[in-house]
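*Asks:* Can you keep this structure in mind? I'll have questions shortly.
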Amino acid sequence: MNDQTAGGTTPLHLILAWGLVGIPLAWGVVETVMNALKLFS
Amino acid sequence: MSATTESAGLFSTQRIVAGPGFSRWMVPPAALCVHLCIGQAYAFSVFNLPMTRLLGITQSTPDDWKLTDLGWIFSIAIVFLGLSAAVLGRWVEEGGPRRAMFASGLCFGGGFLISAAGVYAHNIWIIYFGYGVIGGIGLGLGYISPVSTLIKWFPDRPGMATGMAIMGFGGAAFIASPLSVLLMRQFTTPTHVGVAETFIVLGVVYFCFMMVGAMIVRLPPPGWRPAGYVAPVQAQKLITTNNVFVYQALKTPQFWLIWWVLCLNVTAGIGVIGQASAMSQEMFPGHITAVAAAGFVGFMSLFNMVGRFIWASVSDYIGRKNTYFVFFALGTILYATVPYAGGIGSVGLFVACFCIIISMYGGGFATVPAYLRDMFGTRYVGAIHGMLLTAWSAAGIFGPVLVNYIRQYNVDSGIPKAQAYNITMYLMAALLVVGFLCNLCITAVNERHHMEPDESDAIGMAD
């Protein structure tokens with residue numbers, strides 16, 4: 001069996017995949033920048 | 001679909017060959033699922049202080065672990081990262097990315113669980129084995145697992161593709177650090193430090209996250225090319241169309257020159273990363289406080305992450321060799337400028353110099369897989385990359401030792417602390433000059449090292 005027999009990639013797949021990695025990363029970066037800015041002020 | 005494919009196991013390479021309509025833009029998030037987890041290693045230090053008071057709870061007791069004992073956990077993990085990447089690189093390359101990502105997830109998540117047992121038992125050797133050895137093997141497998149797959153999907157932009165994944169490794173600490181603090185706060189009680197429970201949650205969460213990557217990763221079908229991309233028929237001066245077998249690459253001067261290029265670039269950066277906080281405070285006493293120094297370290301981490309993506313992407317346009325020329329030439333100038341910035345008391349110039357230096361440190365990691373692809377071809381690039389990571393392990397020793405010992409020697413010799421780093425900066429600049437010369441010596445790999453096309457197709461395809 002091949003895992004791709006169910007069909008191709010939809011825009012929803014891409015949004016979910018990039019959201020899964022992008023949202024936590026963006027959260028972490030914002031947390032770090034906010035802390036860093038607070039420390040410099 | 002062939003009968004072989006029909007019966008292929010969940011982890012076989014046949015099983016994960018992409019079907020029609022699969023978008024290659026699904027592969028970078030799959031790689032990031034792994035790298036955003038294993039890069040947690042950079043944030044392991046958040047556990048150090050809590051682990052020095054597991055028995056005393058509010059403060060360390062004589063039976064509690066010392067920071068020097070705990071420092072070994074990260075060091076062992078990095079050593080096993082390099083060793084496993086070097087030894088298991090061919091297994092990763094020939095078994096495909098899903099099997100490697102699964103094994104990486106098992107080791108990395110399992111390492112946390114074993115370490116949780118070590119915390120419960122208050123036995124540091126269990127943690128050395130769990131996070132250091134088993135987790136370190138997970139780090140090595142995970143680090144190289146998506147490299148060649150990304151290069152195969154993005155033959156037109158290999159630097160950008162691997163840069164995205166390796167950016168994830170640099171950026172993982174941004175998630176791991178606040179997440180670990182949050183979890184420890186949740187699990188801490190007046191009679192208990194919540195490290196073990198945090199380890200368990202992290203182990204399970206990271207394993208699940210990495211499995212998502214393992215499930216969505218795909219290999220391109222044989223002969224696949226991006227729409228509109230015309231593969232070069234003839235090799236360009238420094239970009240081969242041939243393949244070099246993994247162990248044959250070790251016999252080429254190019255491998256060892258790139259090894260030194262990476263080692264020297266990393267040595268220059270890694271020594272500074274570990275000492276950035278103390279160095280900034282000692283070079284600018286009264287101007288940079290401990291709190292401001294922590295903010296400076298945060299900004300450096302950000303440049304480390306972003307530099308990985310930007311510099312690797314730039315290398316697709318200006319070439320890998322030229323990118324490293326920029327790292328070494330600009331790095332030399334910037335390191336030589338740091339003592340001047342200290343001398344005139346310019347905090348802005350000092351911060352700017354180090355942020356750019358650290359961006360090039362990250363860029364060096366992210367650009368090197370594409371450099372290897374250019375030199376040795378796509379077939380074994382992941383395995384060759386694995387062996388090259390021993391340069392990272394070596395730099396992990398050279399860099400901090402150079403910075404720490406030279407500073408201490410200067411302080412002991414009566415040099416004011418504000419100037420104690422000047423010689424180190426000039427030494428780093430000199431190392432980068434050596435790196436520049438190594439890079440200059442890199443030429444195309446001699447044809448006698450190339451695999452025959454039939455050999456290239458046959459080896460490793462018996463999955």
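Going by the structure tokens order, chains are called A, B, ..., each with residues numbered from 1, while ligands are numbered from 1 in the order shown.
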Tell me, as a list in words, which residues lie within 10 Å of Asn48 of chain B, counting only C-alpha atoms; anything in the same chain fewer than 5 positions away does not count.
*Replies:* Arg53, Trp65, Lys66, Leu67, Thr68, Asp69, Leu70, Gly71, Ile73 and Val195 of chain B
*Asks:* Between chain B and chain A, at 9 Å or less, what are the per-residue closest atom pairs and their distances in Å? Count only C-alpha atoms, order by chain and rising residue number, and return it as CSV.
*Replies:*
residue,atom,partner,partner_atom,distance
B:Met1,CA,A:Asn2,CA,8.2
B:Ala3,CA,A:Met1,CA,8.7
B:Thr4,CA,A:Met1,CA,8.7
B:Thr5,CA,A:Met1,CA,5.8
B:Glu6,CA,A:Met1,CA,3.9
B:Ser7,CA,A:Met1,CA,6.1
B:Ala8,CA,A:Met1,CA,6.3
B:Gly9,CA,A:Met1,CA,8.1
B:Leu10,CA,A:Asp3,CA,8.6
B:Gln14,CA,A:Asn2,CA,7.2
B:Arg15,CA,A:Asn2,CA,4.6
B:Ile16,CA,A:Asp3,CA,6.1
B:Val17,CA,A:Asn2,CA,7.2
B:Ala18,CA,A:Gln4,CA,5.9
B:Gly19,CA,A:Gln4,CA,5.0
B:Pro20,CA,A:Gly8,CA,6.1
B:Gly21,CA,A:Gly8,CA,4.1
B:Phe22,CA,A:Gly8,CA,4.6
B:Ser23,CA,A:Thr9,CA,5.6
B:Trp25,CA,A:Leu14,CA,7.3
B:Met26,CA,A:Leu14,CA,6.2
B:Pro28,CA,A:Trp18,CA,8.5
B:Pro29,CA,A:Trp18,CA,5.7
B:Ala30,CA,A:Ala17,CA,7.6
B:Leu32,CA,A:Val21,CA,6.6
B:Cys33,CA,A:Val21,CA,6.3
B:Leu36,CA,A:Val21,CA,7.7
B:Gly168,CA,A:Leu25,CA,8.3
B:Gly171,CA,A:Leu25,CA,7.1
B:Ala172,CA,A:Leu25,CA,7.3
B:Ala173,CA,A:Gly28,CA,8.0
B:Phe174,CA,A:Gly28,CA,4.5
B:Ile175,CA,A:Gly28,CA,4.5
B:Ala176,CA,A:Gly28,CA,8.0
B:Ser177,CA,A:Gly28,CA,8.3
B:Pro178,CA,A:Gly28,CA,7.2
B:Leu179,CA,A:Gly28,CA,8.6
B:Met215,CA,A:Asp3,CA,8.9
B:Ile216,CA,A:Ala17,CA,8.7
B:Arg218,CA,A:Gln4,CA,8.8
B:Val291,CA,A:Leu39,CA,5.8
B:Ala292,CA,A:Leu39,CA,5.1
B:Ala293,CA,A:Leu39,CA,8.2
B:Ala294,CA,A:Ala36,CA,7.2
B:Gly295,CA,A:Ala36,CA,4.0
B:Phe296,CA,A:Ala36,CA,7.0
B:Val297,CA,A:Ala36,CA,8.3
B:Gly298,CA,A:Ala36,CA,6.0
B:Phe299,CA,A:Ala36,CA,6.9
B:Leu302,CA,A:Val29,CA,7.6
*Asks:* Once you have the residues from the selection above, write them out as a short mmCIF file (atom, residue, chain, number, x, y, z; two decimals), in the first residue's frame, restricted to C-alpha atoms.
*Replies:*
data_model
loop_
_atom_site.label_atom_id
_atom_site.label_comp_id
_atom_site.auth_asym_id
_atom_site.auth_seq_id
_atom_site.Cartn_x
_atom_site.Cartn_y
_atom_site.Cartn_z
CA MET B 1 1.17 0.00 -8.18
CA ALA B 3 3.01 -5.92 -5.65
CA THR B 4 6.13 -4.90 -3.76
CA THR B 5 4.65 -1.51 -3.03
CA GLU B 6 1.35 -3.05 -1.98
CA SER B 7 3.09 -5.17 0.64
CA ALA B 8 5.53 -2.50 1.76
CA GLY B 9 5.68 -1.86 5.50
CA LEU B 10 4.76 1.42 7.15
CA GLN B 14 8.25 2.53 -1.32
CA ARG B 15 5.38 3.29 0.99
CA ILE B 16 6.24 6.99 1.22
CA VAL B 17 6.80 7.74 -2.45
CA ALA B 18 4.54 10.71 -3.21
CA GLY B 19 1.53 10.19 -5.44
CA PRO B 20 0.18 12.57 -8.07
CA GLY B 21 -0.89 15.94 -6.71
CA PHE B 22 1.37 15.86 -3.64
CA SER B 23 2.77 19.31 -2.89
CA TRP B 25 5.60 22.28 0.40
CA MET B 26 4.31 19.59 2.77
CA PRO B 28 9.41 21.36 5.07
CA PRO B 29 6.73 21.24 7.83
CA ALA B 30 7.41 17.49 8.18
CA LEU B 32 10.26 21.10 11.05
CA CYS B 33 8.14 18.75 13.17
CA LEU B 36 11.51 21.93 16.33
CA GLY B 168 13.78 24.87 13.19
CA GLY B 171 14.37 28.08 16.86
CA ALA B 172 13.24 25.14 18.98
CA ALA B 173 14.60 26.69 22.15
CA PHE B 174 12.11 29.53 21.76
CA ILE B 175 9.32 27.00 22.27
CA ALA B 176 11.05 24.62 24.65
CA SER B 177 12.26 27.22 27.10
CA PRO B 178 8.91 28.91 27.97
CA LEU B 179 7.07 25.59 27.66
CA MET B 215 3.63 10.41 8.78
CA ILE B 216 3.49 13.36 6.38
CA ARG B 218 7.19 11.82 1.37
CA VAL B 291 19.08 41.50 33.12
CA ALA B 292 20.01 43.38 29.94
CA ALA B 293 22.57 40.67 29.15
CA ALA B 294 19.80 38.04 29.22
CA GLY B 295 17.92 40.15 26.67
CA PHE B 296 21.08 40.33 24.56
CA VAL B 297 21.32 36.52 24.62
CA GLY B 298 17.67 36.31 23.52
CA PHE B 299 18.37 38.57 20.53
CA LEU B 302 16.85 35.09 17.27
#
*Asks:* Where in segment 188-240 of chain B does DSSP assign helix (DSSP H, G or I), given as a PyMOL selection string?
*Replies:* chain B and resi 195-216
*Asks:* How about saving the chosen residues, C-alpha atoms kept, as an mmCIF file, in the first residue's frame?
*Replies:*
data_model
loop_
_atom_site.group_PDB
_atom_site.id
_atom_site.type_symbol
_atom_site.label_atom_id
_atom_site.label_comp_id
_atom_site.auth_asym_id
_atom_site.auth_seq_id
_atom_site.Cartn_x
_atom_site.Cartn_y
_atom_site.Cartn_z
ATOM 1 C CA VAL B 195 11.067 18.264 36.808
ATOM 2 C CA ALA B 196 10.190 14.569 36.428
ATOM 3 C CA GLU B 197 6.582 15.260 35.412
ATOM 4 C CA THR B 198 7.776 17.919 32.962
ATOM 5 C CA PHE B 199 10.152 15.363 31.424
ATOM 6 C CA ILE B 200 7.281 12.888 31.015
ATOM 7 C CA VAL B 201 4.995 15.432 29.356
ATOM 8 C CA LEU B 202 7.768 16.689 27.079
ATOM 9 C CA GLY B 203 8.756 13.135 26.110
ATOM 10 C CA VAL B 204 5.202 12.235 25.123
ATOM 11 C CA VAL B 205 4.462 15.553 23.378
ATOM 12 C CA TYR B 206 7.727 15.548 21.429
ATOM 13 C CA PHE B 207 7.233 11.923 20.378
ATOM 14 C CA CYS B 208 3.701 12.658 19.079
ATOM 15 C CA PHE B 209 4.847 15.823 17.287
ATOM 16 C CA MET B 210 7.723 13.971 15.610
ATOM 17 C CA MET B 211 5.367 11.188 14.532
ATOM 18 C CA VAL B 212 3.260 13.763 12.687
ATOM 19 C CA GLY B 213 6.390 14.661 10.724
ATOM 20 C CA ALA B 214 7.143 10.978 10.097
ATOM 21 C CA MET B 215 3.629 10.411 8.783
ATOM 22 C CA ILE B 216 3.489 13.359 6.380
#
*Asks:* Please list as a PyMOL selection string every residue within 12 Å of Val133 of chain B, counting only C-alpha atoms and excluding residues in the same chain fewer than 5 positions away.
*Replies:* chain B and resi 72-84+107-108+110-112+114-115+125-128+138-140
*Asks:* Could you name the residues that touch Gly142 of chain B at 9 Å or less, counting only C-alpha atoms, but leaving out those on the same chain fewer than 2 positions away, as an MDAnalysis selection string?
*Replies:* chainID B and resid 31 34:35 38 85 100:105 108 137:140 144:146
*Asks:* Interatomic distance between atom CA of Ala391 of chain B and atom CA of Gly135 of chain B?
*Replies:*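 Pair atom CA of Ala391 of chain B / atom CA of Gly135 of chain B returns 19.7 Å.
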*Asks:* Excluding Phe245 of chain B and residues on its chain fewer than 2 positions from it, collect all residues at most 9 Å away from it, counting only C-alpha atoms, and give them as a PDB file with N, CA and C atoms, in the first residue's frame.
*Replies:*
ATOM      1  N   ASN B 243      27.203  11.245  -8.212  1.00  0.00           N
ATOM      2  CA  ASN B 243      27.112  10.921  -6.792  1.00  0.00           C
ATOM      3  C   ASN B 243      28.419  10.302  -6.313  1.00  0.00           C
ATOM      4  N   TYR B 247      31.301   6.404   1.989  1.00  0.00           N
ATOM      5  CA  TYR B 247      32.633   6.208   2.563  1.00  0.00           C
ATOM      6  C   TYR B 247      33.735   6.678   1.621  1.00  0.00           C
ATOM      7  N   GLN B 248      33.417   6.737   0.312  1.00  0.00           N
ATOM      8  CA  GLN B 248      34.389   7.274  -0.641  1.00  0.00           C
ATOM      9  C   GLN B 248      34.606   8.772  -0.398  1.00  0.00           C
ATOM     10  N   ALA B 249      33.553   9.450   0.060  1.00  0.00           N
ATOM     11  CA  ALA B 249      33.657  10.889   0.311  1.00  0.00           C
ATOM     12  C   ALA B 249      34.748  11.198   1.334  1.00  0.00           C
ATOM     13  N   PHE B 376      29.138  16.315  -3.592  1.00  0.00           N
ATOM     14  CA  PHE B 376      29.073  14.849  -3.604  1.00  0.00           C
ATOM     15  C   PHE B 376      27.788  14.280  -4.189  1.00  0.00           C
ATOM     16  N   ARG B 379      22.672  11.489  -3.666  1.00  0.00           N
ATOM     17  CA  ARG B 379      22.397  10.126  -3.237  1.00  0.00           C
ATOM     18  C   ARG B 379      22.736   9.855  -1.767  1.00  0.00           C
ATOM     19  N   TYR B 380      23.921  10.270  -1.331  1.00  0.00           N
ATOM     20  CA  TYR B 380      24.349   9.986   0.040  1.00  0.00           C
ATOM     21  C   TYR B 380      24.593  11.252   0.857  1.00  0.00           C
ATOM     22  N   ILE B 384      26.675  11.643   4.402  1.00  0.00           N
ATOM     23  CA  ILE B 384      27.927  12.424   4.411  1.00  0.00           C
ATOM     24  C   ILE B 384      27.784  13.593   5.389  1.00  0.00           C
ATOM     25  N   HIS B 449      36.259   9.495  -7.979  1.00  0.00           N
ATOM     26  CA  HIS B 449      35.473   9.220  -6.774  1.00  0.00           C
ATOM     27  C   HIS B 449      33.982   9.024  -7.079  1.00  0.00           C
ATOM     28  N   HIS B 450      33.578   9.350  -8.326  1.00  0.00           N
ATOM     29  CA  HIS B 450      32.144   9.281  -8.637  1.00  0.00           C
ATOM     30  C   HIS B 450      31.659   7.837  -8.736  1.00  0.00           C
ATOM     31  N   MET B 451      30.391   7.604  -8.338  1.00  0.00           N
ATOM     32  CA  MET B 451      29.774   6.288  -8.518  1.00  0.00           C
ATOM     33  C   MET B 451      29.344   6.151  -9.966  1.00  0.00           C
ATOM     34  N   SER B 456      24.845   3.707  -8.524  1.00  0.00           N
ATOM     35  CA  SER B 456      24.114   4.725  -7.801  1.00  0.00           C
ATOM     36  C   SER B 456      22.663   4.333  -7.608  1.00  0.00           C
TER      37      SER B 456
END
*Asks:* Measuring atom to atom with only C-alpha atoms, identify which of B:Lys251, B:Lys321, B:Lys237, B:Arg185 is nearest to Leu440 of chain B.
*Replies:*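 Ranked by minimum distance to Leu440 of chain B, first place goes to B:Lys321.
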*Asks:* Interatomic distance between atom CA of Cys438 of chain B and atom CA of Asn265 of chain B?
*Replies:*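 Atom CA of Asn265 of chain B lies at a distance of 11.2 Å from atom CA of Cys438 of chain B.
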